[in-house]
Amino acid sequence: MELKNGTAAYEILKFICYVQEYPRQHLHLLSQSSTDWTRRLVRRMADAGYLRIRKKEGEPPSIGIRKRGWEQIYHAPYLPGKIDAERITRLHKLAVAAAVMKNAGVEILPDNKPPLIQSSRPAFWTSKELKAGDMALTRNLNGSRLAGVYATGSDFLAVYSLGSNQMCWSEVLESRAKAILTRLTRAQPDKMLLLGETMEQAQNILNTPPNHPKRYLSPTTCYSDMYYIPASQEATWIVRQIQNPYRRRIWTENLFGCADERPLTGSIDCDGFTESKGELCPYLFCFDFNLSRLYRLKLALELGKAENVVLFCLPFQSSVLRQYFRNQGRIIEVSQEALDYEK
């Protein structure tokens with residue numbers, strides 16, 4: 001099997017060379033084709049000696065690079081490093097974040113990215129790239145769960161990859177990581193992007209109180225905004241929406257026919273007000289699933305600043321919102337096509 005530049009197999013090989021290890025359960029993110037087709041292609045590449053499929057007991061199922069694959073891309077000797085179950089798990093989290101970004105059209109490969117502080121187009125840097133060659137930075141980021149930084153072209157977001165478990169959060173370590181990002185980007189990154197496996201993880205975070213005895217991640221952190229995205233095909237669309245700083249105005253125009261020019265007053269964190277059951281209720285766009293805003297809105301309801309709220313969301317997000325807001329939230333499901341301002 002010979003690989004040619006520009007083919008799907010060559011792109012997969014180039015990506016796995018970049019991430020080193022890739023989780024087998026996320027083959028649906030590895031290419032734009034069906035999962036079955038991707039699985040067969042990966043098997044052919046493994047049989048040809050480009051890839052290695054790990055099935056060792058005690059290690060997460062993984063797809064790694066072999067000597068022939070490495071030399072095909074980099075034309076340099078292959079020097080494999082030490083690998084164990086813990087390292088594979090860490091690499092898998094970085095790989096999922098990189099795959100989601102790549103599918104959204106975000107630049108991830110080092111040769112194609114500008115310097116971090118000069119990024120004027122969407123690009124993603126893993127924590128490994130941030131640490132490369134800087135021992136002081138490596139020491140300061142040790143212990144942080146930071147997976148990387150996402151530059152949208154107008155903003156910077158800290159990226160965290162949860163895997164399948166509930167994340168333990170150290171406010172001290174992550175505040176230090178945030179300070180490092182401030183120095184590297186020469187900006188004030190105050191937003192974070194969470195990548196998880198399922199929407200149930202978002203529900204767990206929303207239901208976790210601040211200062212949890214096991215230090216589980218809650219919606220109140222050193223970041224003012226916390227976007228949650230499951231590692232699914234919908235992730236591509238949401239990442240692209242986050243790139244646009246004017247997305248809420250566009251959503252308003254697409255759903256209501258015109259932008260709401262009324263100024264937002266008071267202490268309710270919402271996107272506007274609309275009529276619901278004869279009353280003026282706050283509404284919130286939940287398409288980017290900002291957990292911090294959902295937490296602040298529910299707190300406002302509990303304090304009696306509003307009786308009910310209207311929540312616009314994508315269909316796969318509605319079950320979490322119904323559980324979280326219960327009788328105080330009117331859920332309106334909206335398709336991606338109705339919001340697609342690129343068509």
# chains A, B, ... in the order shown; residues from 1 in each chain; ligands from 1
>>> closest_atom_pairs(of="region 149-186 of chain A", to="region 100-124 of chain A", cutoff="7 Å", atoms="only C-alpha atoms", output="Markdown table")
| residue | atom | partner | partner_atom | distance |
| --- | --- | --- | --- | --- |
| A:Val149 | CA | A:Phe124 | CA | 5.8 |
| A:Tyr150 | CA | A:Phe124 | CA | 4.6 |
| A:Ala151 | CA | A:Ala123 | CA | 5.3 |
| A:Thr152 | CA | A:Pro122 | CA | 4.4 |
| A:Gly153 | CA | A:Arg121 | CA | 4.4 |
| A:Leu184 | CA | A:Ile117 | CA | 6.8 |
| A:Thr185 | CA | A:Ile117 | CA | 4.8 |
| A:Arg186 | CA | A:Ile117 | CA | 6.7 |
>>> residues_around(residues="region 25-35 of chain A", least_positions_apart="6", cutoff="10 Å", atoms="only C-alpha atoms", output="list in words")
Ala8, Ala9, Glu11, Ile12, Phe15, Ile16, Leu41, Val42, Pro60, Pro61, Ser62, Ile63, His92, Ala95, Val96, Ala98, Ala99, Val100, Lys102, Asn103, Glu197, Ala231, Ser232, Gln233, Ala235 and Thr236 of chain A
>>> select_by_dssp(residues="region 49-186 of chain A", states="strand (DSSP E or B)", output="PDB file with N, CA and C atoms, in the first residue's frame")
ATOM      1  N   LEU A  51       0.788   2.173  10.569  1.00  0.00           N
ATOM      2  CA  LEU A  51       0.189   2.422  11.872  1.00  0.00           C
ATOM      3  C   LEU A  51       0.289   1.187  12.755  1.00  0.00           C
ATOM      4  N   ARG A  52       0.135   1.408  14.045  1.00  0.00           N
ATOM      5  CA  ARG A  52       0.129   0.321  15.021  1.00  0.00           C
ATOM      6  C   ARG A  52      -1.186   0.391  15.803  1.00  0.00           C
ATOM      7  N   ILE A  53      -1.890  -0.720  15.903  1.00  0.00           N
ATOM      8  CA  ILE A  53      -3.127  -0.781  16.674  1.00  0.00           C
ATOM      9  C   ILE A  53      -2.830  -1.458  18.004  1.00  0.00           C
ATOM     10  N   ARG A  54      -2.961  -0.702  19.073  1.00  0.00           N
ATOM     11  CA  ARG A  54      -2.648  -1.222  20.415  1.00  0.00           C
ATOM     12  C   ARG A  54      -3.848  -1.962  20.997  1.00  0.00           C
ATOM     13  N   SER A  62      -5.795   2.009  21.282  1.00  0.00           N
ATOM     14  CA  SER A  62      -5.155   3.170  20.684  1.00  0.00           C
ATOM     15  C   SER A  62      -4.606   2.859  19.297  1.00  0.00           C
ATOM     16  N   ILE A  63      -4.477   3.909  18.494  1.00  0.00           N
ATOM     17  CA  ILE A  63      -3.826   3.833  17.183  1.00  0.00           C
ATOM     18  C   ILE A  63      -2.569   4.690  17.251  1.00  0.00           C
ATOM     19  N   GLY A  64      -1.416   4.094  16.998  1.00  0.00           N
ATOM     20  CA  GLY A  64      -0.153   4.812  17.070  1.00  0.00           C
ATOM     21  C   GLY A  64       0.606   4.756  15.752  1.00  0.00           C
ATOM     22  N   ILE A  65       1.732   5.431  15.724  1.00  0.00           N
ATOM     23  CA  ILE A  65       2.539   5.498  14.518  1.00  0.00           C
ATOM     24  C   ILE A  65       3.646   4.452  14.558  1.00  0.00           C
ATOM     25  N   GLU A 107      -6.456  25.540  12.058  1.00  0.00           N
ATOM     26  CA  GLU A 107      -5.116  25.072  11.711  1.00  0.00           C
ATOM     27  C   GLU A 107      -4.441  24.458  12.940  1.00  0.00           C
ATOM     28  N   ALA A 123      -6.527  28.924  14.901  1.00  0.00           N
ATOM     29  CA  ALA A 123      -5.427  27.974  15.044  1.00  0.00           C
ATOM     30  C   ALA A 123      -5.453  27.405  16.454  1.00  0.00           C
ATOM     31  N   PHE A 124      -4.835  26.239  16.612  1.00  0.00           N
ATOM     32  CA  PHE A 124      -4.836  25.544  17.906  1.00  0.00           C
ATOM     33  C   PHE A 124      -3.429  25.076  18.234  1.00  0.00           C
ATOM     34  N   TRP A 125      -3.006  25.313  19.462  1.00  0.00           N
ATOM     35  CA  TRP A 125      -1.714  24.856  19.959  1.00  0.00           C
ATOM     36  C   TRP A 125      -1.953  23.937  21.154  1.00  0.00           C
ATOM     37  N   THR A 126      -1.376  22.742  21.138  1.00  0.00           N
ATOM     38  CA  THR A 126      -1.495  21.844  22.283  1.00  0.00           C
ATOM     39  C   THR A 126      -0.576  22.329  23.402  1.00  0.00           C
ATOM     40  N   LEU A 146      -4.598  21.728  31.417  1.00  0.00           N
ATOM     41  CA  LEU A 146      -4.727  22.447  30.156  1.00  0.00           C
ATOM     42  C   LEU A 146      -4.308  21.567  28.980  1.00  0.00           C
ATOM     43  N   ALA A 147      -5.190  21.462  27.976  1.00  0.00           N
ATOM     44  CA  ALA A 147      -4.872  20.686  26.771  1.00  0.00           C
ATOM     45  C   ALA A 147      -4.283  21.548  25.673  1.00  0.00           C
ATOM     46  N   GLY A 148      -4.577  22.843  25.690  1.00  0.00           N
ATOM     47  CA  GLY A 148      -4.039  23.724  24.668  1.00  0.00           C
ATOM     48  C   GLY A 148      -4.738  25.064  24.676  1.00  0.00           C
ATOM     49  N   VAL A 149      -4.465  25.862  23.658  1.00  0.00           N
ATOM     50  CA  VAL A 149      -5.098  27.178  23.515  1.00  0.00           C
ATOM     51  C   VAL A 149      -5.627  27.302  22.088  1.00  0.00           C
ATOM     52  N   TYR A 150      -6.830  27.830  21.971  1.00  0.00           N
ATOM     53  CA  TYR A 150      -7.525  27.973  20.697  1.00  0.00           C
ATOM     54  C   TYR A 150      -7.630  29.464  20.368  1.00  0.00           C
ATOM     55  N   ALA A 151      -6.987  29.873  19.288  1.00  0.00           N
ATOM     56  CA  ALA A 151      -7.074  31.256  18.819  1.00  0.00           C
ATOM     57  C   ALA A 151      -8.144  31.327  17.747  1.00  0.00           C
ATOM     58  N   PHE A 156      -8.824  34.370  22.446  1.00  0.00           N
ATOM     59  CA  PHE A 156      -8.094  33.165  22.826  1.00  0.00           C
ATOM     60  C   PHE A 156      -8.901  32.410  23.874  1.00  0.00           C
ATOM     61  N   LEU A 157      -9.009  31.070  23.704  1.00  0.00           N
ATOM     62  CA  LEU A 157      -9.725  30.234  24.664  1.00  0.00           C
ATOM     63  C   LEU A 157      -8.789  29.146  25.175  1.00  0.00           C
ATOM     64  N   ALA A 158      -8.792  28.949  26.487  1.00  0.00           N
ATOM     65  CA  ALA A 158      -8.082  27.818  27.067  1.00  0.00           C
ATOM     66  C   ALA A 158      -8.903  26.560  26.798  1.00  0.00           C
ATOM     67  N   VAL A 159      -8.259  25.489  26.348  1.00  0.00           N
ATOM     68  CA  VAL A 159      -8.958  24.257  25.985  1.00  0.00           C
ATOM     69  C   VAL A 159      -8.621  23.161  26.985  1.00  0.00           C
ATOM     70  N   TYR A 160      -9.656  22.496  27.483  1.00  0.00           N
ATOM     71  CA  TYR A 160      -9.499  21.376  28.407  1.00  0.00           C
ATOM     72  C   TYR A 160     -10.249  20.176  27.845  1.00  0.00           C
ATOM     73  N   SER A 161      -9.613  19.021  27.866  1.00  0.00           N
ATOM     74  CA  SER A 161     -10.216  17.793  27.362  1.00  0.00           C
ATOM     75  C   SER A 161     -10.483  16.867  28.556  1.00  0.00           C
ATOM     76  N   LEU A 162     -11.746  16.513  28.763  1.00  0.00           N
ATOM     77  CA  LEU A 162     -12.139  15.764  29.959  1.00  0.00           C
ATOM     78  C   LEU A 162     -11.901  14.268  29.847  1.00  0.00           C
ATOM     79  N   GLY A 163     -11.879  13.728  28.635  1.00  0.00           N
ATOM     80  CA  GLY A 163     -11.901  12.277  28.521  1.00  0.00           C
ATOM     81  C   GLY A 163     -13.270  11.777  28.937  1.00  0.00           C
ATOM     82  N   CYS A 168     -10.987  16.692  38.090  1.00  0.00           N
ATOM     83  CA  CYS A 168     -10.637  17.368  39.336  1.00  0.00           C
ATOM     84  C   CYS A 168      -9.985  18.696  38.969  1.00  0.00           C
TER      85      CYS A 168
END
>>> residues_around(residues="Arg247 (chain A)", least_positions_apart="6", cutoff="12 Å", atoms="only C-alpha atoms", output="mmCIF file with C-alpha atoms, in the first residue's frame")
data_model
loop_
_atom_site.group_PDB
_atom_site.id
_atom_site.type_symbol
_atom_site.label_atom_id
_atom_site.label_comp_id
_atom_site.auth_asym_id
_atom_site.auth_seq_id
_atom_site.Cartn_x
_atom_site.Cartn_y
_atom_site.Cartn_z
ATOM 1 C CA ILE A 238 -20.164 24.637 17.528
ATOM 2 C CA VAL A 239 -16.424 25.380 17.251
ATOM 3 C CA ARG A 240 -17.099 27.326 14.053
ATOM 4 C CA GLN A 241 -19.833 29.315 15.794
ATOM 5 C CA GLU A 253 -31.755 37.921 13.351
ATOM 6 C CA ASN A 254 -32.233 34.342 12.110
ATOM 7 C CA ALA A 259 -31.755 42.131 15.937
ATOM 8 C CA ASP A 271 -29.430 37.484 25.526
ATOM 9 C CA PHE A 285 -29.077 31.112 23.384
ATOM 10 C CA CYS A 286 -27.556 27.807 24.521
ATOM 11 C CA PHE A 287 -26.132 26.695 21.163
ATOM 12 C CA ASP A 288 -22.542 27.196 22.355
ATOM 13 C CA LEU A 339 -28.920 29.149 12.488
ATOM 14 C CA ASP A 340 -26.457 28.613 9.683
ATOM 15 C CA TYR A 341 -25.356 32.096 8.664
ATOM 16 C CA GLU A 342 -22.747 30.695 6.226
#
